[in-house]
file data_38.tsv (TSV, C-alpha atoms)
chain	number	residue	atom	x	y	z
F	264	MET	CA	22.43	-8.09	10.34
F	265	ARG	CA	22.36	-6.21	7.04
F	266	ARG	CA	23.52	-8.32	4.10
F	267	GLU	CA	24.55	-7.24	0.65
F	268	MET	CA	26.18	-8.49	-2.50
F	269	LEU	CA	27.57	-7.10	-5.72
F	270	VAL	CA	26.09	-8.92	-8.70
F	271	SER	CA	28.78	-10.83	-10.58
F	272	GLU	CA	28.60	-12.18	-14.12
F	273	ARG	CA	27.54	-15.51	-12.62
F	274	TRP	CA	24.21	-14.01	-11.50
F	275	ALA	CA	23.60	-11.64	-14.42
F	276	GLY	CA	20.22	-12.25	-16.04
F	277	ILE	CA	18.95	-14.31	-13.09
F	278	ARG	CA	15.73	-13.48	-11.18
F	279	LEU	CA	16.08	-11.59	-7.92
F	280	ASP	CA	14.32	-14.25	-5.84
F	281	ARG	CA	16.78	-16.86	-7.11
F	282	VAL	CA	19.87	-14.72	-6.59
F	283	LEU	CA	18.92	-14.13	-2.95
F	284	GLU	CA	19.91	-17.73	-2.26
F	285	GLU	CA	23.50	-16.47	-2.36
F	286	ILE	CA	23.05	-14.18	0.66
F	287	LEU	CA	20.09	-15.90	2.34
F	288	PRO	CA	21.03	-19.60	2.09
F	289	GLU	CA	19.02	-20.40	5.22
F	290	LEU	CA	15.73	-19.41	3.56
F	291	GLY	CA	13.75	-21.38	1.03
F	292	LEU	CA	12.28	-19.80	-2.09
F	293	ARG	CA	9.04	-18.91	-0.30
F	294	GLY	CA	10.95	-17.17	2.49
F	295	ARG	CA	13.06	-15.19	0.03
F	296	ARG	CA	9.96	-14.09	-1.84
F	297	ARG	CA	8.37	-12.99	1.43
F	298	MET	CA	11.40	-10.78	2.12
F	299	ILE	CA	11.00	-9.12	-1.29
F	300	GLN	CA	7.25	-8.59	-0.79
F	301	GLU	CA	7.88	-6.95	2.58
F	302	GLY	CA	10.25	-4.43	1.02
F	303	LEU	CA	13.32	-5.70	2.85
F	304	VAL	CA	15.26	-6.30	-0.38
F	305	ARG	CA	16.51	-3.49	-2.63
F	306	VAL	CA	18.53	-3.32	-5.83
F	307	ASP	CA	20.66	-0.18	-6.07
F	308	GLY	CA	18.41	1.29	-3.37
F	309	LEU	CA	15.13	0.60	-5.21
F	310	LEU	CA	12.33	-1.89	-4.65
F	311	ARG	CA	12.21	-4.48	-7.43
F	312	PRO	CA	9.79	-7.36	-8.14
F	313	MET	CA	10.87	-10.92	-7.45
F	314	ALA	CA	11.08	-11.67	-11.19
F	315	TYR	CA	13.43	-8.75	-11.84
F	316	LYS	CA	16.54	-9.92	-13.72
F	317	LEU	CA	19.77	-8.57	-12.31
F	318	ARG	CA	22.67	-6.99	-14.17
F	319	THR	CA	26.38	-7.23	-13.47
F	320	GLY	CA	27.55	-4.58	-11.03
F	321	GLN	CA	24.24	-3.96	-9.33
F	322	ASN	CA	24.14	-3.89	-5.54
F	323	VAL	CA	21.59	-6.07	-3.70
F	324	THR	CA	20.90	-5.31	-0.04
F	325	VAL	CA	18.77	-7.11	2.53
F	326	GLU	CA	17.74	-5.22	5.64
F	327	PRO	CA	17.09	-7.13	8.86
F	328	LYS	CA	13.64	-7.25	10.39
F	329	ALA	CA	13.60	-4.77	13.23
F	330	ASP	CA	11.56	-4.88	16.40
F	331	VAL	CA	8.60	-2.54	16.78
F	332	SER	CA	10.44	0.38	18.40
F	333	GLU	CA	13.31	0.29	15.90
F	334	HIS	CA	10.93	-0.04	12.97
F	335	LEU	CA	8.81	2.91	13.99
F	336	SER	CA	11.81	5.14	14.55
F	337	ALA	CA	12.96	4.35	11.02
F	338	THR	CA	9.63	4.60	9.17
F	339	GLY	CA	7.82	7.31	11.07
F	340	LYS	CA	5.70	7.53	14.17
F	341	VAL	CA	2.17	6.18	14.36
F	342	ARG	CA	0.07	9.03	15.74
F	343	VAL	CA	-3.54	10.10	16.21
F	344	VAL	CA	-4.81	12.32	13.38
F	345	SER	CA	-8.45	12.66	14.43
F	346	ARG	CA	-10.73	11.41	17.20
F	347	CYS	CA	-14.51	11.66	17.47
F	348	GLY	CA	-16.86	9.54	19.55
F	349	ALA	CA	-15.86	5.87	19.42
F	350	PHE	CA	-13.45	6.29	16.50
F	351	VAL	CA	-9.83	7.34	16.01
F	352	ALA	CA	-7.88	7.80	12.78
F	353	LEU	CA	-4.19	6.93	12.95
F	354	ALA	CA	-1.35	7.94	10.62
F	355	LYS	CA	0.39	4.84	9.24
F	356	PRO	CA	3.75	5.32	7.52
F	357	SER	CA	4.82	3.39	4.43
F	358	GLY	CA	6.74	0.24	5.30
F	359	LEU	CA	4.60	-0.93	8.20
F	360	HIS	CA	1.92	-3.62	8.25
F	361	SER	CA	-1.62	-2.62	9.24
F	362	ALA	CA	-2.75	-5.95	10.65
F	363	ALA	CA	-0.74	-8.53	12.53
F	364	LEU	CA	0.28	-11.37	10.22
F	365	ALA	CA	-0.20	-15.00	11.13
F	366	GLY	CA	3.09	-16.56	12.10
F	367	GLY	CA	4.84	-13.21	12.50
F	368	GLY	CA	6.04	-11.18	9.55
F	369	GLY	CA	7.11	-7.97	11.19
F	370	PRO	CA	5.63	-5.15	13.30
F	371	SER	CA	2.09	-3.94	12.71
F	372	VAL	CA	-0.20	-1.15	13.82
F	373	GLU	CA	-2.65	-3.74	15.10
F	374	ALA	CA	-0.01	-5.13	17.45
F	375	LEU	CA	0.59	-1.61	18.78
F	376	LEU	CA	-3.05	-0.91	19.67
F	377	PRO	CA	-2.84	-2.21	23.28
F	378	SER	CA	0.07	0.14	23.99
F	379	LEU	CA	-1.47	3.07	22.12
F	380	PHE	CA	-4.85	2.67	23.85
F	381	PRO	CA	-4.28	0.74	27.10
F	382	GLY	CA	-7.37	-0.74	28.68
F	383	GLN	CA	-9.58	0.06	25.68
F	384	SER	CA	-11.13	-2.43	23.27
F	385	ALA	CA	-9.44	-0.94	20.20
F	386	GLN	CA	-10.16	-2.69	16.90
F	387	LEU	CA	-8.64	-2.02	13.48
F	388	LEU	CA	-11.46	-1.29	10.99
F	389	ASN	CA	-9.59	-0.90	7.71
F	390	ARG	CA	-6.30	-2.05	6.25
F	391	LEU	CA	-3.60	-0.60	4.05
F	392	ASP	CA	-0.92	-2.51	2.19
F	393	TRP	CA	2.55	-2.63	3.72
F	394	GLY	CA	3.85	0.02	1.33
F	395	THR	CA	0.78	2.28	1.42
F	396	SER	CA	0.80	5.16	3.86
F	397	GLY	CA	-2.21	7.00	5.22
F	398	LEU	CA	-5.21	6.83	7.50
F	399	LEU	CA	-6.14	3.75	9.52
F	400	LEU	CA	-9.45	3.74	11.38
F	401	VAL	CA	-9.73	2.33	14.88
F	402	GLY	CA	-13.06	1.70	16.64
F	403	PHE	CA	-13.65	1.17	20.34
F	404	GLY	CA	-16.12	-1.60	21.13
F	405	ALA	CA	-18.24	-3.98	19.08
F	406	ALA	CA	-20.97	-1.38	18.51
F	407	ALA	CA	-18.53	1.00	16.80
F	408	ALA	CA	-17.25	-1.74	14.51
F	409	THR	CA	-20.80	-2.78	13.61
F	410	TRP	CA	-21.82	0.81	12.87
F	411	PHE	CA	-18.86	1.40	10.56
F	412	ARG	CA	-19.45	-1.86	8.65
F	413	GLU	CA	-23.09	-0.89	8.17
F	414	GLN	CA	-22.09	2.51	6.78
F	415	GLU	CA	-19.69	0.79	4.38
F	416	ALA	CA	-22.40	-1.62	3.24
F	417	HIS	CA	-24.76	1.29	2.52
F	418	GLY	CA	-22.15	3.26	0.57
F	419	LYS	CA	-21.85	6.03	3.14
F	420	VAL	CA	-18.07	5.82	3.67
F	421	ASP	CA	-15.79	7.85	1.42
F	422	LYS	CA	-12.06	7.14	1.25
F	423	GLU	CA	-9.86	9.37	-0.89
F	424	TYR	CA	-6.35	8.42	-1.91
F	425	ALA	CA	-3.49	10.22	-3.60
F	426	ALA	CA	-1.14	8.35	-5.94
F	427	VAL	CA	1.67	9.17	-8.33
F	428	VAL	CA	1.19	7.17	-11.52
F	429	GLY	CA	2.96	6.67	-14.81
F	430	GLY	CA	1.61	7.96	-18.10
F	431	THR	CA	-0.42	10.96	-19.18
F	432	VAL	CA	-3.86	11.01	-17.58
F	433	SER	CA	-5.95	12.88	-20.12
F	434	GLU	CA	-9.38	12.75	-18.48
F	435	THR	CA	-10.92	12.84	-15.04
F	436	GLY	CA	-14.38	11.95	-13.79
F	437	VAL	CA	-13.75	8.37	-14.88
F	438	THR	CA	-15.11	5.47	-12.83
F	439	TRP	CA	-13.57	2.01	-13.06
F	440	ARG	CA	-16.30	-0.53	-12.33
F	441	ARG	CA	-14.67	-3.80	-13.29
F	442	ALA	CA	-14.92	-6.61	-10.76
F	443	LEU	CA	-11.75	-7.95	-9.19
F	444	ASP	CA	-10.71	-11.57	-8.84
F	445	MET	CA	-9.03	-11.94	-5.46
F	446	ALA	CA	-9.17	-15.73	-5.33
F	447	ARG	CA	-5.53	-16.11	-6.31
F	448	ARG	CA	-3.27	-15.96	-3.32
F	449	ARG	CA	-0.96	-13.10	-4.29
F	450	ARG	CA	-2.16	-11.21	-7.34
F	451	THR	CA	-5.52	-9.55	-7.86
F	452	ARG	CA	-6.72	-9.32	-11.45
F	453	VAL	CA	-9.40	-7.36	-13.29
F	454	MET	CA	-12.38	-9.32	-14.57
F	455	SER	CA	-14.23	-8.68	-17.84
F	456	SER	CA	-17.53	-7.94	-16.06
F	457	ASP	CA	-18.52	-4.98	-13.88
F	458	ASP	CA	-18.95	-5.28	-10.13
F	459	PRO	CA	-22.60	-4.66	-9.17
F	460	ASP	CA	-21.50	-3.13	-5.85
F	461	PRO	CA	-20.67	0.61	-6.27
F	462	ALA	CA	-18.60	0.42	-3.07
F	463	ARG	CA	-16.08	-1.61	-5.09
F	464	TRP	CA	-15.73	0.99	-7.85
F	465	THR	CA	-12.77	3.38	-8.15
F	466	HIS	CA	-13.54	7.00	-9.06
F	467	LEU	CA	-10.86	9.23	-10.60
F	468	LEU	CA	-11.41	12.71	-9.13
F	469	LYS	CA	-8.40	14.72	-10.28
F	470	ALA	CA	-5.14	14.35	-12.20
F	471	THR	CA	-2.23	16.77	-12.41
F	472	PRO	CA	1.03	16.29	-14.39
F	473	VAL	CA	3.93	16.38	-11.91
F	474	VAL	CA	7.64	15.86	-11.51
F	475	LEU	CA	8.73	13.65	-8.62
F	476	SER	CA	12.24	14.49	-7.51
F	477	ALA	CA	12.70	11.16	-5.74
F	478	VAL	CA	12.11	9.16	-8.92
F	479	ALA	CA	14.38	9.06	-11.96
F	480	SER	CA	11.75	8.25	-14.58
F	481	HIS	CA	11.73	9.17	-18.25
F	482	ASP	CA	7.98	8.63	-18.43
F	483	SER	CA	5.28	11.22	-17.79
F	484	LEU	CA	3.98	11.19	-14.22
F	485	ALA	CA	0.70	12.40	-12.77
F	486	LEU	CA	-0.56	13.00	-9.25
F	487	VAL	CA	-4.06	11.55	-9.12
F	488	ARG	CA	-6.75	11.49	-6.50
F	489	VAL	CA	-9.25	8.66	-6.40
F	490	ARG	CA	-12.21	7.78	-4.22
F	491	ILE	CA	-13.45	4.36	-3.13
F	492	GLY	CA	-16.13	3.14	-0.74
F	493	ARG	CA	-15.53	-0.19	0.93
F	494	GLY	CA	-12.50	-1.15	-1.14
F	495	ALA	CA	-11.09	-4.56	-2.02
F	496	ARG	CA	-7.65	-6.12	-1.92
F	497	HIS	CA	-5.28	-4.06	-4.13
F	498	GLN	CA	-8.33	-2.37	-5.70
F	499	ILE	CA	-6.78	1.02	-6.48
F	500	ARG	CA	-3.46	-0.47	-7.54
F	501	VAL	CA	-5.10	-2.92	-9.95
F	502	HIS	CA	-7.66	-0.53	-11.42
F	503	LEU	CA	-4.99	2.11	-12.11
F	504	ALA	CA	-2.62	-0.44	-13.62
F	505	ALA	CA	-5.37	-1.86	-15.84
F	506	ALA	CA	-6.10	1.67	-17.06
F	507	GLY	CA	-2.46	2.04	-18.13
F	508	HIS	CA	-1.39	4.09	-15.12
F	509	PRO	CA	0.49	1.86	-12.67
F	510	ILE	CA	1.51	3.49	-9.41
F	511	VAL	CA	5.14	4.56	-9.04
F	512	GLY	CA	6.94	2.03	-6.86
F	513	ASP	CA	4.32	-0.67	-7.49
F	514	THR	CA	6.56	-3.00	-9.45
F	515	PHE	CA	4.16	-5.85	-8.58
F	516	TYR	CA	1.63	-4.37	-11.00
F	517	GLY	CA	3.98	-2.83	-13.55
F	518	GLY	CA	4.92	0.48	-11.94
F	519	CYS	CA	8.39	1.98	-12.31
F	520	PRO	CA	10.78	1.22	-9.43
F	521	ALA	CA	11.08	3.70	-6.58
F	522	GLU	CA	12.14	3.80	-2.96
F	523	ARG	CA	8.50	3.40	-1.83
F	524	LEU	CA	4.97	2.83	-3.06
F	525	TYR	CA	3.43	6.21	-3.94
F	526	LEU	CA	-0.08	5.51	-2.68
F	527	HIS	CA	-1.51	7.37	0.31
F	528	HIS	CA	-4.91	7.31	2.02
F	529	GLU	CA	-5.42	10.97	2.85
F	530	HIS	CA	-9.13	11.60	3.52
F	531	LEU	CA	-11.78	9.55	5.34
F	532	VAL	CA	-15.36	10.60	6.12
F	533	PHE	CA	-18.53	8.79	7.26
F	534	PRO	CA	-21.66	9.60	9.32
F	535	LEU	CA	-21.94	8.97	13.06
F	536	GLU	CA	-25.03	7.78	14.94
F	537	ASP	CA	-25.64	11.19	16.54
F	538	GLY	CA	-26.02	12.88	13.15
F	539	GLU	CA	-22.49	14.29	13.16
F	540	ARG	CA	-19.77	12.94	10.92
F	541	PHE	CA	-16.29	11.56	11.42
F	542	GLU	CA	-13.64	13.15	9.23
F	543	ALA	CA	-9.87	12.77	9.09
F	544	VAL	CA	-7.38	14.38	6.72
F	545	TRP	CA	-3.66	13.62	6.37
F	546	PRO	CA	-2.00	15.06	3.20
F	547	HIS	CA	0.65	12.95	1.46
F	548	GLY	CA	3.63	15.33	1.79
F	549	TRP	CA	5.56	13.93	-1.19
F	550	PRO	CA	8.30	15.97	-2.95
F	551	VAL	CA	6.25	16.64	-6.10
F	552	SER	CA	6.25	19.74	-8.28
F	553	MET	CA	3.93	20.77	-11.07
F	554	GLU	CA	5.22	20.40	-14.62

call {"tool": "encode", "arguments": {"input": "data_38.tsv", "output": "structure tokens"}}
result
Amino acid sequence: MRREMLVSERWAGIRLDRVLEEILPELGLRGRRRMIQEGLVRVDGLLRPMAYKLRTGQNVTVEPKADVSEHLSATGKVRVVSRCGAFVALAKPSGLHSAALAGGGGPSVEALLPSLFPGQSAQLLNRLDWGTSGLLLVGFGAAAATWFREQEAHGKVDKEYAAVVGGTVSETGVTWRRALDMARRRRTRVMSSDDPDPARWTHLLKATPVVLSAVASHDSLALVRVRIGRGARHQIRVHLAAAGHPIVGDTFYGGCPAERLYLHHEHLVFPLEDGERFEAVWPHGWPVSME
């Protein structure tokens, strides 16, 4: 059941994860934080970080966890974008997990694979964050998975993403090489040294000043396209934030609040064993306009 509350003076200035105790008394602090991370909690319709301090009069809503069919009807349909040989690229909407989470945690594309490809040994070969939309690669059989991992290891996989970021992006052709510390459980941070593996670097390909009608922001915004190879946990999000350009909707890493995370995996290409190549394209489709 949907729950909501109007913030009274009693809760003004208090963190969101603490205030949720008022409408989710059955959950502990860890459970409430999990709800926020999964995007089930909104403040005046926007995603906010767990440390966000509420103001009197704001409206806090908590949406129930839906089953798979209900969730997909609300967030968009998972569909095949491209198929070649032993690989398929699927379209994943924002607000859906890629991989099944231990102990539950909501619907996932991985959990849907048996129904999408009955009788086939479908295996998820890449992951996207819950809020990131875009291309997910599926391989059929152990040989396909091994081939793809080998291509990643040799730097032969290109993944291009689109993102709407804050700030004025004055130059392109930049490569962020800094290594990432993923040892901490929740937050990835940028290290002071470079990563020796080029597959972990983030390349800025293009940047265009834009206006995003879905976001009421007084800051400059830019639509950027970046390329990565293998990728690491939160790599694009962290590299962009460290460069002073956090992604819109990524309040976890300093981005302005929005109704979704504006990060989308839109192009994937890598060689196949027969000399051909696998390629999938799914444009972002956001309501952006040039400045």

call {"tool": "closest_residue", "arguments": {"input": "data_38.tsv", "among": "F:Val270, F:Val420, F:Ala442, F:Val351", "to": "Val401 in chain F", "atoms": "all atoms listed in the file"}}
result
F:Val351

call {"tool": "residues_around", "arguments": {"input": "data_38.tsv", "residues": "Leu535 in chain F", "least_positions_apart": "5", "cutoff": "10 Å", "atoms": "only C-alpha atoms", "output": "CSV table (one decimal) with C-alpha atoms, in the frame of the given file"}}
result
chain,number,residue,atom,x,y,z
F,347,CYS,CA,-14.5,11.7,17.5
F,348,GLY,CA,-16.9,9.5,19.6
F,349,ALA,CA,-15.9,5.9,19.4
F,350,PHE,CA,-13.4,6.3,16.5
F,407,ALA,CA,-18.5,1.0,16.8
F,410,TRP,CA,-21.8,0.8,12.9
F,411,PHE,CA,-18.9,1.4,10.6
F,414,GLN,CA,-22.1,2.5,6.8
F,540,ARG,CA,-19.8,12.9,10.9
F,541,PHE,CA,-16.3,11.6,11.4

call {"tool": "closest_residue", "arguments": {"input": "data_38.tsv", "among": "F:Ala485, F:Ala477, F:Met454, F:Leu400", "to": "Ala521 in chain F", "atoms": "only C-alpha atoms"}}
result
F:Ala477

call {"tool": "closest_residue", "arguments": {"input": "data_38.tsv", "among": "F:Leu279, F:Val343, F:Val511, F:Ala385", "to": "Ala408 in chain F", "atoms": "only C-alpha atoms"}}
result
F:Ala385

call {"tool": "closest_atom_pairs", "arguments": {"input": "data_38.tsv", "of": "range 355-442 of chain F", "to": "range 460-471 of chain F", "cutoff": "8 Å", "atoms": "all atoms listed in the file", "output": "Markdown table"}}
result
| residue | atom | partner | partner_atom | distance |
| --- | --- | --- | --- | --- |
| F:Glu415 | CA | F:Ala462 | CA | 7.5 |
| F:Ala416 | CA | F:Ala462 | CA | 7.6 |
| F:Gly418 | CA | F:Ala462 | CA | 5.8 |
| F:Val432 | CA | F:Ala470 | CA | 6.5 |
| F:Glu434 | CA | F:Ala470 | CA | 7.7 |
| F:Thr435 | CA | F:Lys469 | CA | 5.7 |
| F:Gly436 | CA | F:Leu467 | CA | 5.5 |
| F:Val437 | CA | F:Leu467 | CA | 5.2 |
| F:Thr438 | CA | F:His466 | CA | 4.4 |
| F:Trp439 | CA | F:Thr465 | CA | 5.2 |
| F:Arg440 | CA | F:Trp464 | CA | 4.8 |
| F:Arg441 | CA | F:Trp464 | CA | 7.3 |
| F:Ala442 | CA | F:Arg463 | CA | 7.6 |

call {"tool": "closest_residue", "arguments": {"input": "data_38.tsv", "among": "F:Glu413, F:Asp457, F:Glu423, F:Glu272", "to": "Val487 in chain F", "atoms": "only C-alpha atoms"}}
result
F:Glu423

call {"tool": "closest_residue", "arguments": {"input": "data_38.tsv", "among": "F:Thr395, F:Ser378, F:Ser455, F:Ser371", "to": "Leu524 in chain F", "atoms": "only C-alpha atoms"}}
result
F:Thr395

call {"tool": "atom_distance", "arguments": {"input": "data_38.tsv", "atom1": "CA of Tyr525 in chain F", "atom2": "CA of Gly397 in chain F"}}
result
10.8 Å

call {"tool": "atom_distance", "arguments": {"input": "data_38.tsv", "atom1": "CA of Ser433 in chain F", "atom2": "CA of Thr451 in chain F"}}
result
25.6 Å

call {"tool": "atom_distance", "arguments": {"input": "data_38.tsv", "atom1": "CA of Leu443 in chain F", "atom2": "CA of Val501 in chain F"}}
result
8.4 Å

call {"tool": "closest_residue", "arguments": {"input": "data_38.tsv", "among": "F:Ser476, F:Leu283, F:Gln383, F:Arg297", "to": "Glu522 in chain F", "atoms": "all atoms listed in the file"}}
result
F:Ser476

call {"tool": "residues_around", "arguments": {"input": "data_38.tsv", "residues": "His530 in chain F", "least_positions_apart": "3", "cutoff": "9 Å", "atoms": "all atoms listed in the file", "output": "CSV table (one decimal) with C-alpha atoms, in the coordinates of the input"}}
result
chain,number,residue,atom,x,y,z
F,397,GLY,CA,-2.2,7.0,5.2
F,398,LEU,CA,-5.2,6.8,7.5
F,421,ASP,CA,-15.8,7.8,1.4
F,422,LYS,CA,-12.1,7.1,1.2
F,423,GLU,CA,-9.9,9.4,-0.9
F,424,TYR,CA,-6.4,8.4,-1.9
F,542,GLU,CA,-13.6,13.2,9.2
F,543,ALA,CA,-9.9,12.8,9.1
F,544,VAL,CA,-7.4,14.4,6.7
F,545,TRP,CA,-3.7,13.6,6.4
F,546,PRO,CA,-2.0,15.1,3.2

call {"tool": "residues_around", "arguments": {"input": "data_38.tsv", "residues": "Gly320 in chain F", "least_positions_apart": "4", "cutoff": "12 Å", "atoms": "only C-alpha atoms", "output": "ChimeraX atom specification"}}
result
/F:268-276,306-307

call {"tool": "residues_around", "arguments": {"input": "data_38.tsv", "residues": "Leu399 in chain F", "least_positions_apart": "6", "cutoff": "10 Å", "atoms": "only C-alpha atoms", "output": "list in words"}}
result
Val341, Val343, Val344, Val351, Ala352, Leu353, Ala354, Lys355, Ser361, Val372, Glu373, Leu387, Leu388, Asn389, Arg390, Leu391, His528, Glu529, Leu531 and Ala543 of chain F

call {"tool": "axis_aligned_box", "arguments": {"input": "data_38.tsv", "around": "range 412-416 of chain F", "padding_each_side": "6 Å", "output": "JSON"}}
result
{"center_x": -21.3, "center_y": 0.3, "center_z": 5.9, "size_x": 15.6, "size_y": 16.4, "size_z": 17.4}
